[in-house]
Structures are given as structure tokens and as C-alpha cells.
$ cat query_39.cif   # mmCIF, C-alpha atoms and all ligand atoms
data_protein
loop_
_atom_site.label_atom_id
_atom_site.label_comp_id
_atom_site.auth_asym_id
_atom_site.auth_seq_id
_atom_site.Cartn_x
_atom_site.Cartn_y
_atom_site.Cartn_z
CA MET A 1 -19.60 -46.89 4.18
CA VAL A 2 -16.38 -45.35 5.57
CA LYS A 3 -15.56 -41.64 5.27
CA ASN A 4 -12.77 -40.67 2.85
CA SER A 5 -11.03 -38.54 5.45
CA PRO A 6 -11.88 -39.38 9.04
CA ASP A 7 -11.68 -36.64 11.67
CA PHE A 8 -9.01 -38.71 13.43
CA PRO A 9 -6.92 -40.85 11.05
CA CYS A 10 -5.39 -42.83 13.92
CA VAL A 11 -7.33 -43.53 17.14
CA LEU A 12 -5.84 -45.27 20.18
CA ILE A 13 -8.36 -46.71 22.65
CA LEU A 14 -7.07 -47.70 26.08
CA GLY A 15 -9.12 -50.24 28.02
CA ALA A 16 -10.49 -51.36 24.67
CA LEU A 17 -12.47 -54.29 26.06
CA SER A 18 -14.75 -51.99 28.03
CA ASP A 19 -18.30 -52.13 26.70
CA VAL A 20 -18.20 -48.41 25.93
CA ALA A 21 -14.80 -48.72 24.25
CA LEU A 22 -16.05 -51.51 22.00
CA ALA A 23 -18.98 -49.35 20.87
CA LEU A 24 -16.61 -46.42 20.36
CA ALA A 25 -14.20 -48.56 18.31
CA GLU A 26 -17.11 -49.33 16.01
CA VAL A 27 -17.96 -45.62 15.64
CA TYR A 28 -14.38 -44.74 14.68
CA ALA A 29 -13.99 -47.80 12.42
CA SER A 30 -17.18 -46.76 10.62
CA GLU A 31 -15.58 -43.34 10.04
CA GLY A 32 -12.52 -44.99 8.49
CA SER A 33 -10.02 -44.37 11.32
CA ARG A 34 -7.05 -46.70 11.81
CA LEU A 35 -7.46 -48.20 15.25
CA VAL A 36 -5.00 -49.21 17.93
CA LEU A 37 -6.82 -51.14 20.65
CA ALA A 38 -5.05 -51.68 23.97
CA ALA A 39 -6.24 -53.92 26.80
CA ARG A 40 -4.75 -55.98 29.58
CA ARG A 41 -6.00 -59.19 27.92
CA PRO A 42 -5.14 -58.45 24.28
CA GLU A 43 -5.91 -61.99 23.07
CA ARG A 44 -9.58 -61.17 23.66
CA LEU A 45 -9.33 -58.37 21.09
CA GLU A 46 -8.30 -60.59 18.20
CA ARG A 47 -11.78 -61.60 17.07
CA ILE A 48 -13.01 -58.02 17.52
CA ALA A 49 -10.14 -56.62 15.45
CA LYS A 50 -10.81 -59.09 12.62
CA ASP A 51 -14.51 -58.26 12.68
CA LEU A 52 -13.87 -54.48 12.50
CA ASN A 53 -11.38 -55.00 9.70
CA LEU A 54 -13.81 -57.16 7.70
CA ARG A 55 -16.79 -54.86 8.18
CA PHE A 56 -15.12 -51.49 7.73
CA GLY A 57 -11.85 -52.26 5.91
CA VAL A 58 -9.77 -50.40 8.50
CA THR A 59 -6.50 -51.59 10.02
CA VAL A 60 -6.76 -52.55 13.66
CA GLU A 61 -3.63 -53.06 15.73
CA ILE A 62 -3.75 -54.78 19.12
CA LYS A 63 -1.57 -53.85 22.11
CA GLU A 64 -1.23 -55.09 25.64
CA LEU A 65 -1.72 -52.51 28.38
CA ASP A 66 -2.25 -53.00 32.10
CA VAL A 67 -2.82 -49.51 33.48
CA ARG A 68 -1.59 -50.62 36.93
CA ASP A 69 1.74 -51.81 35.50
CA PHE A 70 3.21 -48.29 35.54
CA ALA A 71 6.73 -49.49 34.71
CA SER A 72 5.51 -50.83 31.36
CA HIS A 73 3.94 -47.58 30.17
CA GLY A 74 7.09 -46.07 28.69
CA ALA A 75 7.68 -49.16 26.53
CA PHE A 76 3.98 -49.23 25.60
CA VAL A 77 4.11 -45.68 24.24
CA GLU A 78 7.46 -46.32 22.50
CA SER A 79 5.94 -49.39 20.82
CA LEU A 80 3.28 -47.35 19.00
CA SER A 81 4.07 -47.22 15.29
CA GLU A 82 2.68 -43.67 15.07
CA ILE A 83 1.56 -40.95 17.44
CA PRO A 84 -2.25 -41.19 17.49
CA ASP A 85 -4.43 -38.24 16.52
CA LEU A 86 -6.80 -39.20 19.32
CA VAL A 87 -6.39 -41.26 22.46
CA VAL A 88 -9.45 -42.28 24.48
CA ALA A 89 -8.92 -43.67 27.98
CA ALA A 90 -11.91 -45.96 28.63
CA PHE A 91 -10.52 -48.22 31.35
CA GLY A 92 -12.08 -48.08 34.79
CA TYR A 93 -12.71 -50.09 37.91
CA LEU A 94 -15.74 -49.48 40.13
CA GLY A 95 -14.60 -51.95 42.76
CA ASP A 96 -16.34 -52.86 45.99
CA GLN A 97 -16.84 -49.83 48.22
CA GLN A 98 -17.33 -51.80 51.44
CA LYS A 99 -14.36 -54.07 50.73
CA ALA A 100 -12.23 -51.01 49.96
CA LEU A 101 -12.93 -49.64 53.45
CA ASP A 102 -11.65 -52.83 55.10
CA ASP A 103 -8.97 -53.89 52.64
CA PHE A 104 -6.52 -51.33 51.34
CA GLU A 105 -5.61 -53.56 48.36
CA GLU A 106 -9.13 -53.04 46.98
CA ALA A 107 -8.90 -49.28 47.60
CA ARG A 108 -5.47 -49.21 45.95
CA GLN A 109 -6.79 -51.00 42.85
CA ILE A 110 -9.64 -48.50 42.50
CA LEU A 111 -7.27 -45.54 42.86
CA GLU A 112 -4.60 -47.02 40.59
CA VAL A 113 -6.87 -47.99 37.71
CA ASN A 114 -9.00 -44.85 37.68
CA PHE A 115 -6.43 -42.23 38.61
CA VAL A 116 -2.74 -43.13 39.01
CA GLY A 117 -2.65 -45.38 35.94
CA ALA A 118 -4.43 -42.76 33.87
CA VAL A 119 -1.89 -40.12 34.88
CA SER A 120 1.02 -42.46 34.13
CA VAL A 121 -0.06 -43.40 30.63
CA LEU A 122 -1.73 -40.12 29.57
CA ASN A 123 1.27 -37.99 30.62
CA ARG A 124 3.49 -39.98 28.28
CA LEU A 125 1.01 -39.85 25.40
CA ALA A 126 0.35 -36.12 25.87
CA LEU A 127 4.10 -35.40 25.77
CA ARG A 128 4.43 -37.35 22.50
CA MET A 129 1.48 -35.43 21.02
CA ALA A 130 2.96 -32.13 22.22
CA SER A 131 6.21 -32.95 20.39
CA GLN A 132 4.14 -32.73 17.18
CA ARG A 133 1.90 -29.95 18.53
CA GLN A 134 -1.22 -31.90 17.64
CA GLY A 135 -3.54 -34.47 19.12
CA VAL A 136 -6.58 -34.97 21.33
CA VAL A 137 -6.61 -36.72 24.70
CA ALA A 138 -10.06 -37.83 25.91
CA ALA A 139 -10.86 -39.75 29.06
CA LEU A 140 -13.95 -41.14 30.72
CA ALA A 141 -14.40 -39.74 34.20
CA SER A 142 -17.77 -40.05 35.99
CA VAL A 143 -20.46 -38.03 37.73
CA ALA A 144 -19.25 -39.95 40.81
CA GLY A 145 -16.19 -37.68 40.71
CA LEU A 146 -18.27 -34.54 41.25
CA ARG A 147 -19.32 -35.21 44.84
CA GLY A 148 -18.18 -37.89 47.27
CA ARG A 149 -21.00 -40.23 48.27
CA MET A 150 -21.06 -43.04 50.84
CA SER A 151 -21.88 -45.65 48.20
CA ASN A 152 -18.77 -45.20 46.06
CA PHE A 153 -16.33 -42.65 47.47
CA HIS A 154 -13.17 -44.59 46.62
CA TYR A 155 -14.16 -44.74 42.95
CA GLY A 156 -15.57 -41.20 43.14
CA SER A 157 -12.42 -39.74 44.65
CA ALA A 158 -10.26 -41.42 41.98
CA LYS A 159 -12.51 -39.95 39.28
CA ALA A 160 -12.40 -36.54 41.04
CA GLY A 161 -8.61 -36.75 40.85
CA LEU A 162 -8.89 -37.65 37.18
CA ILE A 163 -11.20 -34.68 36.51
CA ALA A 164 -8.76 -32.25 38.18
CA TYR A 165 -5.82 -33.86 36.36
CA LEU A 166 -7.56 -33.55 32.98
CA SER A 167 -8.42 -29.92 33.70
CA GLY A 168 -4.76 -29.16 34.36
CA LEU A 169 -3.59 -31.23 31.41
CA ARG A 170 -6.02 -29.29 29.20
CA ASN A 171 -4.55 -26.01 30.44
CA TRP A 172 -1.01 -27.32 29.73
CA GLY A 173 -2.15 -28.83 26.43
CA TRP A 174 -3.54 -25.52 25.20
CA HIS A 175 0.02 -24.16 25.21
CA HIS A 176 1.39 -27.29 23.51
CA GLY A 177 -1.11 -27.91 20.70
CA VAL A 178 -2.93 -30.74 22.50
CA HIS A 179 -6.67 -30.69 23.24
CA VAL A 180 -8.01 -32.51 26.30
CA CYS A 181 -11.64 -33.60 26.58
CA THR A 182 -13.14 -34.67 29.92
CA LEU A 183 -16.12 -36.99 29.43
CA ILE A 184 -18.50 -37.27 32.37
CA PRO A 185 -20.98 -40.12 32.00
CA GLY A 186 -23.88 -40.90 34.29
CA PHE A 187 -25.19 -44.45 33.98
CA ILE A 188 -24.28 -46.65 31.01
CA ARG A 189 -25.64 -50.19 30.82
CA THR A 190 -22.34 -52.09 30.88
CA ARG A 191 -20.65 -54.88 32.82
CA MET A 192 -19.54 -52.29 35.37
CA ILE A 193 -23.04 -51.57 36.65
CA ALA A 194 -24.71 -54.88 35.71
CA HIS A 195 -25.42 -55.52 39.42
CA MET A 196 -27.17 -52.15 39.89
CA HIS A 197 -30.76 -51.19 39.19
CA THR A 198 -30.60 -47.80 37.52
CA PRO A 199 -33.59 -45.81 36.22
CA GLY A 200 -34.11 -46.51 32.53
CA PHE A 201 -34.49 -42.85 31.58
CA LEU A 202 -31.08 -42.09 33.13
CA THR A 203 -29.26 -45.07 31.62
CA LEU A 204 -27.69 -45.08 28.18
CA THR A 205 -26.72 -48.10 26.12
CA PRO A 206 -22.99 -48.32 25.29
CA GLU A 207 -23.86 -47.46 21.68
CA GLN A 208 -25.78 -44.31 22.69
CA ALA A 209 -22.93 -43.31 24.98
CA ALA A 210 -20.34 -43.92 22.26
CA LYS A 211 -22.18 -41.65 19.81
CA ARG A 212 -22.36 -38.85 22.39
CA ILE A 213 -18.71 -39.32 23.31
CA ALA A 214 -17.60 -39.19 19.67
CA LYS A 215 -19.69 -36.04 19.12
CA ALA A 216 -18.18 -34.30 22.17
CA ILE A 217 -14.67 -35.20 21.01
CA ARG A 218 -15.34 -34.11 17.42
CA LYS A 219 -16.60 -30.75 18.70
CA ARG A 220 -13.44 -30.40 20.82
CA ARG A 221 -15.54 -29.96 23.95
CA ASN A 222 -13.47 -29.29 27.05
CA GLN A 223 -15.87 -31.13 29.31
CA ALA A 224 -19.05 -32.96 28.37
CA TYR A 225 -21.72 -34.76 30.36
CA ILE A 226 -22.63 -38.02 28.65
CA GLY A 227 -26.30 -38.59 29.20
CA PRO A 228 -29.41 -36.54 29.56
CA ILE A 229 -30.14 -34.44 32.64
CA TRP A 230 -26.81 -35.11 34.38
CA TRP A 231 -25.69 -31.49 34.29
CA TRP A 232 -28.88 -30.52 36.14
CA MET A 233 -28.82 -33.51 38.47
CA MET A 234 -25.26 -32.81 39.50
CA ALA A 235 -25.96 -29.07 39.91
CA VAL A 236 -28.66 -30.01 42.44
CA ILE A 237 -26.58 -32.70 44.17
CA ARG A 238 -23.59 -30.36 44.45
CA ALA A 239 -25.76 -27.58 45.88
CA ILE A 240 -26.94 -29.65 48.85
CA PRO A 241 -25.23 -28.21 51.95
CA GLU A 242 -22.79 -30.61 53.63
CA PRO A 243 -24.67 -30.68 56.99
CA LEU A 244 -27.70 -32.05 55.13
CA PHE A 245 -25.76 -34.13 52.58
CA LYS A 246 -23.98 -36.18 55.24
CA ARG A 247 -27.33 -37.30 56.66
CA LEU A 248 -28.54 -38.71 53.33
CA ARG A 249 -27.94 -42.33 52.37
CA LEU A 250 -26.42 -41.65 48.96
N1 LIG B 1 -20.96 -47.87 33.10
C1 LIG B 1 -21.24 -46.74 33.74
O1 LIG B 1 -22.37 -46.52 34.23
C2 LIG B 1 -20.18 -45.67 33.87
C3 LIG B 1 -20.55 -44.47 34.48
C4 LIG B 1 -19.61 -43.45 34.60
C5 LIG B 1 -18.33 -43.65 34.12
N2 LIG B 1 -17.99 -44.83 33.54
C6 LIG B 1 -16.61 -44.98 33.06
O2 LIG B 1 -16.64 -45.31 31.70
C7 LIG B 1 -15.46 -46.06 31.36
C8 LIG B 1 -15.88 -47.33 30.63
O3 LIG B 1 -16.53 -48.18 31.55
P1 LIG B 1 -17.56 -49.32 31.15
O4 LIG B 1 -18.85 -48.94 31.74
O5 LIG B 1 -17.45 -49.61 29.69
O6 LIG B 1 -17.01 -50.50 32.04
P2 LIG B 1 -16.47 -51.95 31.74
O7 LIG B 1 -17.19 -52.58 30.60
O8 LIG B 1 -16.46 -52.62 33.08
O9 LIG B 1 -14.97 -51.69 31.28
C9 LIG B 1 -13.94 -51.35 32.13
C10 LIG B 1 -12.66 -51.76 31.42
O10 LIG B 1 -11.53 -51.34 32.21
C11 LIG B 1 -10.57 -52.34 32.05
N3 LIG B 1 -9.59 -52.37 33.11
C12 LIG B 1 -9.78 -52.55 34.44
N4 LIG B 1 -8.60 -52.61 35.06
C13 LIG B 1 -7.64 -52.47 34.11
C14 LIG B 1 -6.23 -52.47 34.13
N5 LIG B 1 -5.54 -52.62 35.27
N6 LIG B 1 -5.57 -52.29 32.98
C15 LIG B 1 -6.25 -52.15 31.81
N7 LIG B 1 -7.59 -52.16 31.71
C16 LIG B 1 -8.28 -52.31 32.87
C17 LIG B 1 -11.35 -53.66 32.05
O11 LIG B 1 -10.54 -54.65 31.51
P3 LIG B 1 -11.00 -56.21 31.39
O12 LIG B 1 -11.89 -56.24 30.20
O13 LIG B 1 -9.70 -56.91 31.20
O14 LIG B 1 -11.70 -56.53 32.68
C18 LIG B 1 -12.56 -53.29 31.23
O15 LIG B 1 -12.37 -53.60 29.87
C19 LIG B 1 -14.74 -46.30 32.68
O16 LIG B 1 -13.75 -45.31 32.85
C20 LIG B 1 -15.84 -46.09 33.72
O17 LIG B 1 -15.29 -45.74 34.95
C21 LIG B 1 -18.88 -45.85 33.41
#
$ encode --input "query_39.cif" --output "C-alpha cells" --more "lines below"
Ligand SMILES: NC(=O)c1ccc[n+]([C@@H]2O[C@H](COP(=O)([O-])OP(=O)(O)OC[C@H]3O[C@@H](n4cnc5c(N)ncnc54)[C@H](OP(=O)(O)O)[C@@H]3O)[C@@H](O)[C@H]2O)c1
Amino acid sequence: MVKNSPDFPCVLILGALSDVALALAEVYASEGSRLVLAARRPERLERIAKDLNLRFGVTVEIKELDVRDFASHGAFVESLSEIPDLVVAAFGYLGDQQKALDDFEEARQILEVNFVGAVSVLNRLALRMASQRQGVVAALASVAGLRGRMSNFHYGSAKAGLIAYLSGLRNWGWHHGVHVCTLIPGFIRTRMIAHMHTPGFLTLTPEQAAKRIAKAIRKRRNQAYIGPIWWWMMAVIRAIPEPLFKRLRL
């Protein structure tokens, strides 16, 4: 049953084929929001859009977006039929840490998807929202962005950049009627970490993560950890002195 008046009448999801984004699209469709789903392979969204429309009776528009194709972002934003009430950036690329050390192209892809591309597309959307003095920008960062570790410091540094960017955008947005929500997940059982063994009690399903994300956005949280314990875990990890931290195999 859809709500009569959803919190966000129009929701734009970027990176809409991500496992978390798909679960989030379902949450917002169930609330009766109109959806605009953007992904770099939009043809893969067609069946999903039809399914959401049939099950929840909401309109679902599909857009093409490659976050690394910076030159296309202006036209992408211009092509939107309305300024969304909420945009959620769910794209991401973990990449191969070892390959990124040897091969700058891999490092570049990690930095461009997780940081540069996010800045390029979110700047444009935030400016459009500011022109109407309303809107919410939300983006998925990561606990990896809170301290550089040897196992994923290219990804982590891109997410650290994203966290700092979102903090500044939030400060700017406050003066322009735009709210910015930084979402900081720990582990979510998706394609991205399918090759990793993560402790069950620390790992959310995409559906659990989507519910927590939607709640944090609805409450207009500035920054929210997505998953139990992560605030405490990261407080401990961040408190480890650098002379000790560098000796650990994290
Ligand atoms: N899973 C976790 O444990 C975890 C933890 C912390 C943070 N996060 C973050 O949560 C978000 C969602 O991730 P997920 O776990 O749902 O991962 P996922 O299923 O692997 O989804 C990542 C999505 O990013 C898209 N993408 C990659 N490069 C792109 C590009 N150049 N242009 C447009 N889209 C691009 C992928 O598109 P294709 O479908 O075309 O490949 C994919 O749909 C990401 O920001 C991720 O960094 C995840």
C-alpha cells in the first residue's frame, strides 16, 4: 500500500543498479515516490522499472549516467523533467587495491567513480536544488573513508574525499535550503564485497541497509553510520596511534 503523500515526491537514484540502490528504490516506491533511476547500463533497469510500476503504481523513469563521463553530467541534469526532492548517490567502485598500486588506470577509476564523479554530478544537482531552495542530497560513503588502511587505501581515500566534500556541501547547503546527508555503511552483503568473508553480525543485507538509509534521510541526519557498532568500531580504530597502526595488517 503506497502512502498518500510520500516524504519525497520525486527521488533520483544514481548508480541505480547497485544492490543497495535497488533495495532503496523499492523502499521509496513503496512510499509512493516517483522514481528516476540512473545507471551506466540503463537497459538493465527496464525490467526493474516495470516491476516497481506494476507492484507500487509509481512512475519510474530511466536515465543513462556514467559518473566517469564528466562532460555528460551537465546534459544529464538538464534532461531531468523536474528537480528531484531527494537525490541518493549509490554508485561506487571498490577496485583492486594491489592492482591500483601498480597500474594508475585502476587507481584513477577508483578515485573517479567514488570521488571526482560524485563531485561533478552532485555539484550540478545541488545548484539546481538551491535555485528552488529545497532538496536533499544523500550519498553513500564508507567506514573505509575514516582511516586509511593497507587493504583498501585507494577506495578509502576516495571515500574520505567524499566525506569531506559532503561536509562542506552540507555547510554550503544550509545557507541555500539544501540538506546534505552523509551515509557511512560498514559491510553490506552486495556484489561489491561478494569475494570477502565478513562477520555475519557486522554485515547487513541490502534490504536492512536500505531501511536504515531511508530512516537517516527522513530524519535529515547530517551523518549516519549504517550498521550496528560501526560508530564504536571506528572510534577505536581511529584512536590507535599511528606508530602502532602502521604495524598492523589492516
Ligand atoms: N557493500 C558494502 O559493504 C559497502 C560498504 C561501504 C560502502 N558501500 C558503498 O555503498 C554504495 C553501494 O554499493 P553496493 O554495495 O550496492 O555495490 P554494488 O552492488 O557493487 O554497486 C555499485 C554500483 O556502482 C555502479 N558504478 C560503478 N562505476 C560506475 C560508473 N562509472 N558510472 C555509474 N555507475 C557506476 C555499478 O554499476 P554497474 O551495475 O553498471 O556495474 C554498480 O551498480 C557504494 O557507494 C559503495 O561504495 C558499500
$ atom_distance --input "query_39.cif" --atom1 "CA of Arg189 (chain A)" --atom2 "atom O9 of ligand LIG 1 (chain B)"
10.8 Å
$ residues_near_ligand --input "query_39.cif" --ligand "ligand LIG 1 (chain B)" --cutoff "7 Å" --atoms "only C-alpha atoms and all ligand atoms" --output "tab-separated table (two decimals) with C-alpha atoms, keeping the file's coordinate frame"
chain	number	residue	atom	x	y	z
A	15	GLY	CA	-9.12	-50.24	28.02
A	16	ALA	CA	-10.49	-51.36	24.67
A	17	LEU	CA	-12.47	-54.29	26.06
A	18	SER	CA	-14.75	-51.99	28.03
A	19	ASP	CA	-18.30	-52.13	26.70
A	20	VAL	CA	-18.20	-48.41	25.93
A	21	ALA	CA	-14.80	-48.72	24.25
A	39	ALA	CA	-6.24	-53.92	26.80
A	40	ARG	CA	-4.75	-55.98	29.58
A	41	ARG	CA	-6.00	-59.19	27.92
A	65	LEU	CA	-1.72	-52.51	28.38
A	66	ASP	CA	-2.25	-53.00	32.10
A	67	VAL	CA	-2.82	-49.51	33.48
A	68	ARG	CA	-1.59	-50.62	36.93
A	90	ALA	CA	-11.91	-45.96	28.63
A	91	PHE	CA	-10.52	-48.22	31.35
A	92	GLY	CA	-12.08	-48.08	34.79
A	93	TYR	CA	-12.71	-50.09	37.91
A	94	LEU	CA	-15.74	-49.48	40.13
A	113	VAL	CA	-6.87	-47.99	37.71
A	114	ASN	CA	-9.00	-44.85	37.68
A	140	LEU	CA	-13.95	-41.14	30.72
A	141	ALA	CA	-14.40	-39.74	34.20
A	142	SER	CA	-17.77	-40.05	35.99
A	143	VAL	CA	-20.46	-38.03	37.73
A	184	ILE	CA	-18.50	-37.27	32.37
A	185	PRO	CA	-20.98	-40.12	32.00
A	186	GLY	CA	-23.88	-40.90	34.29
A	187	PHE	CA	-25.19	-44.45	33.98
A	188	ILE	CA	-24.28	-46.65	31.01
A	189	ARG	CA	-25.64	-50.19	30.82
A	190	THR	CA	-22.34	-52.09	30.88
A	191	ARG	CA	-20.65	-54.88	32.82
A	192	MET	CA	-19.54	-52.29	35.37
A	193	ILE	CA	-23.04	-51.57	36.65
$ closest_residue --input "query_39.cif" --among "A:Val11, A:Met196, A:Ile48, A:Val119" --to "Ile163 (chain A)" --atoms "only C-alpha atoms"
A:Val119
$ atom_distance --input "query_39.cif" --atom1 "CA of His175 (chain A)" --atom2 "CA of Ala210 (chain A)"
28.5 Å
$ closest_residue --input "query_39.cif" --among "A:Phe76, A:Phe56, A:Tyr225, A:Phe104" --to "Ala38 (chain A)" --atoms "all atoms listed in the file"
A:Phe76
$ closest_residue --input "query_39.cif" --among "A:Ala71, A:Ala224, A:Val58, A:Ala49" --to "Ser30 (chain A)" --atoms "only C-alpha atoms"
A:Val58
$ atom_distance --input "query_39.cif" --atom1 "CA of Gln134 (chain A)" --atom2 "CA of Cys10 (chain A)"
12.3 Å
$ residues_around --input "query_39.cif" --residues "Leu52 (chain A)" --least-positions-apart "4" --cutoff "12 Å" --atoms "only C-alpha atoms" --output "ChimeraX atom specification"
/A:2,22-37,45-48,56-61
$ write_last_selection --input "query_39.cif" --atoms "C-alpha atoms" --output "PDB file, in the frame of the given file"
ATOM      1  CA  VAL A   2     -16.380 -45.350   5.570  1.00  0.00           C
ATOM      2  CA  LEU A  22     -16.050 -51.510  22.000  1.00  0.00           C
ATOM      3  CA  ALA A  23     -18.980 -49.350  20.870  1.00  0.00           C
ATOM      4  CA  LEU A  24     -16.610 -46.420  20.360  1.00  0.00           C
ATOM      5  CA  ALA A  25     -14.200 -48.560  18.310  1.00  0.00           C
ATOM      6  CA  GLU A  26     -17.110 -49.330  16.010  1.00  0.00           C
ATOM      7  CA  VAL A  27     -17.960 -45.620  15.640  1.00  0.00           C
ATOM      8  CA  TYR A  28     -14.380 -44.740  14.680  1.00  0.00           C
ATOM      9  CA  ALA A  29     -13.990 -47.800  12.420  1.00  0.00           C
ATOM     10  CA  SER A  30     -17.180 -46.760  10.620  1.00  0.00           C
ATOM     11  CA  GLU A  31     -15.580 -43.340  10.040  1.00  0.00           C
ATOM     12  CA  GLY A  32     -12.520 -44.990   8.490  1.00  0.00           C
ATOM     13  CA  SER A  33     -10.020 -44.370  11.320  1.00  0.00           C
ATOM     14  CA  ARG A  34      -7.050 -46.700  11.810  1.00  0.00           C
ATOM     15  CA  LEU A  35      -7.460 -48.200  15.250  1.00  0.00           C
ATOM     16  CA  VAL A  36      -5.000 -49.210  17.930  1.00  0.00           C
ATOM     17  CA  LEU A  37      -6.820 -51.140  20.650  1.00  0.00           C
ATOM     18  CA  LEU A  45      -9.330 -58.370  21.090  1.00  0.00           C
ATOM     19  CA  GLU A  46      -8.300 -60.590  18.200  1.00  0.00           C
ATOM     20  CA  ARG A  47     -11.780 -61.600  17.070  1.00  0.00           C
ATOM     21  CA  ILE A  48     -13.010 -58.020  17.520  1.00  0.00           C
ATOM     22  CA  PHE A  56     -15.120 -51.490   7.730  1.00  0.00           C
ATOM     23  CA  GLY A  57     -11.850 -52.260   5.910  1.00  0.00           C
ATOM     24  CA  VAL A  58      -9.770 -50.400   8.500  1.00  0.00           C
ATOM     25  CA  THR A  59      -6.500 -51.590  10.020  1.00  0.00           C
ATOM     26  CA  VAL A  60      -6.760 -52.550  13.660  1.00  0.00           C
ATOM     27  CA  GLU A  61      -3.630 -53.060  15.730  1.00  0.00           C
TER      28      GLU A  61
END
$ residues_around --input "query_39.cif" --residues "Leu250 (chain A)" --least-positions-apart "3" --cutoff "9 Å" --atoms "all atoms listed in the file" --output "PyMOL selection string"
chain A and resi 149-152+245-247
$ closest_residue --input "query_39.cif" --among "A:Leu183, A:Gln223, A:Tyr155, A:Gln132" --to "Ala89 (chain A)" --atoms "all atoms listed in the file"
A:Leu183
$ closest_residue --input "query_39.cif" --among "A:Leu146, A:Val77, A:Leu202, A:Ala130" --to "Pro228 (chain A)" --atoms "all atoms listed in the file"
A:Leu202
$ closest_residue --input "query_39.cif" --among "A:Val180, A:Leu54, A:Val236, A:Ala216" --to "Val87 (chain A)" --atoms "all atoms listed in the file"
A:Val180
$ residues_around --input "query_39.cif" --residues "Asn123 (chain A)" --least-positions-apart "3" --cutoff "12 Å" --atoms "all atoms listed in the file" --output "PyMOL selection string"
chain A and resi 70+73-74+77+87+89+115-120+126-130+137+165-166+168-170+172-173+178+180
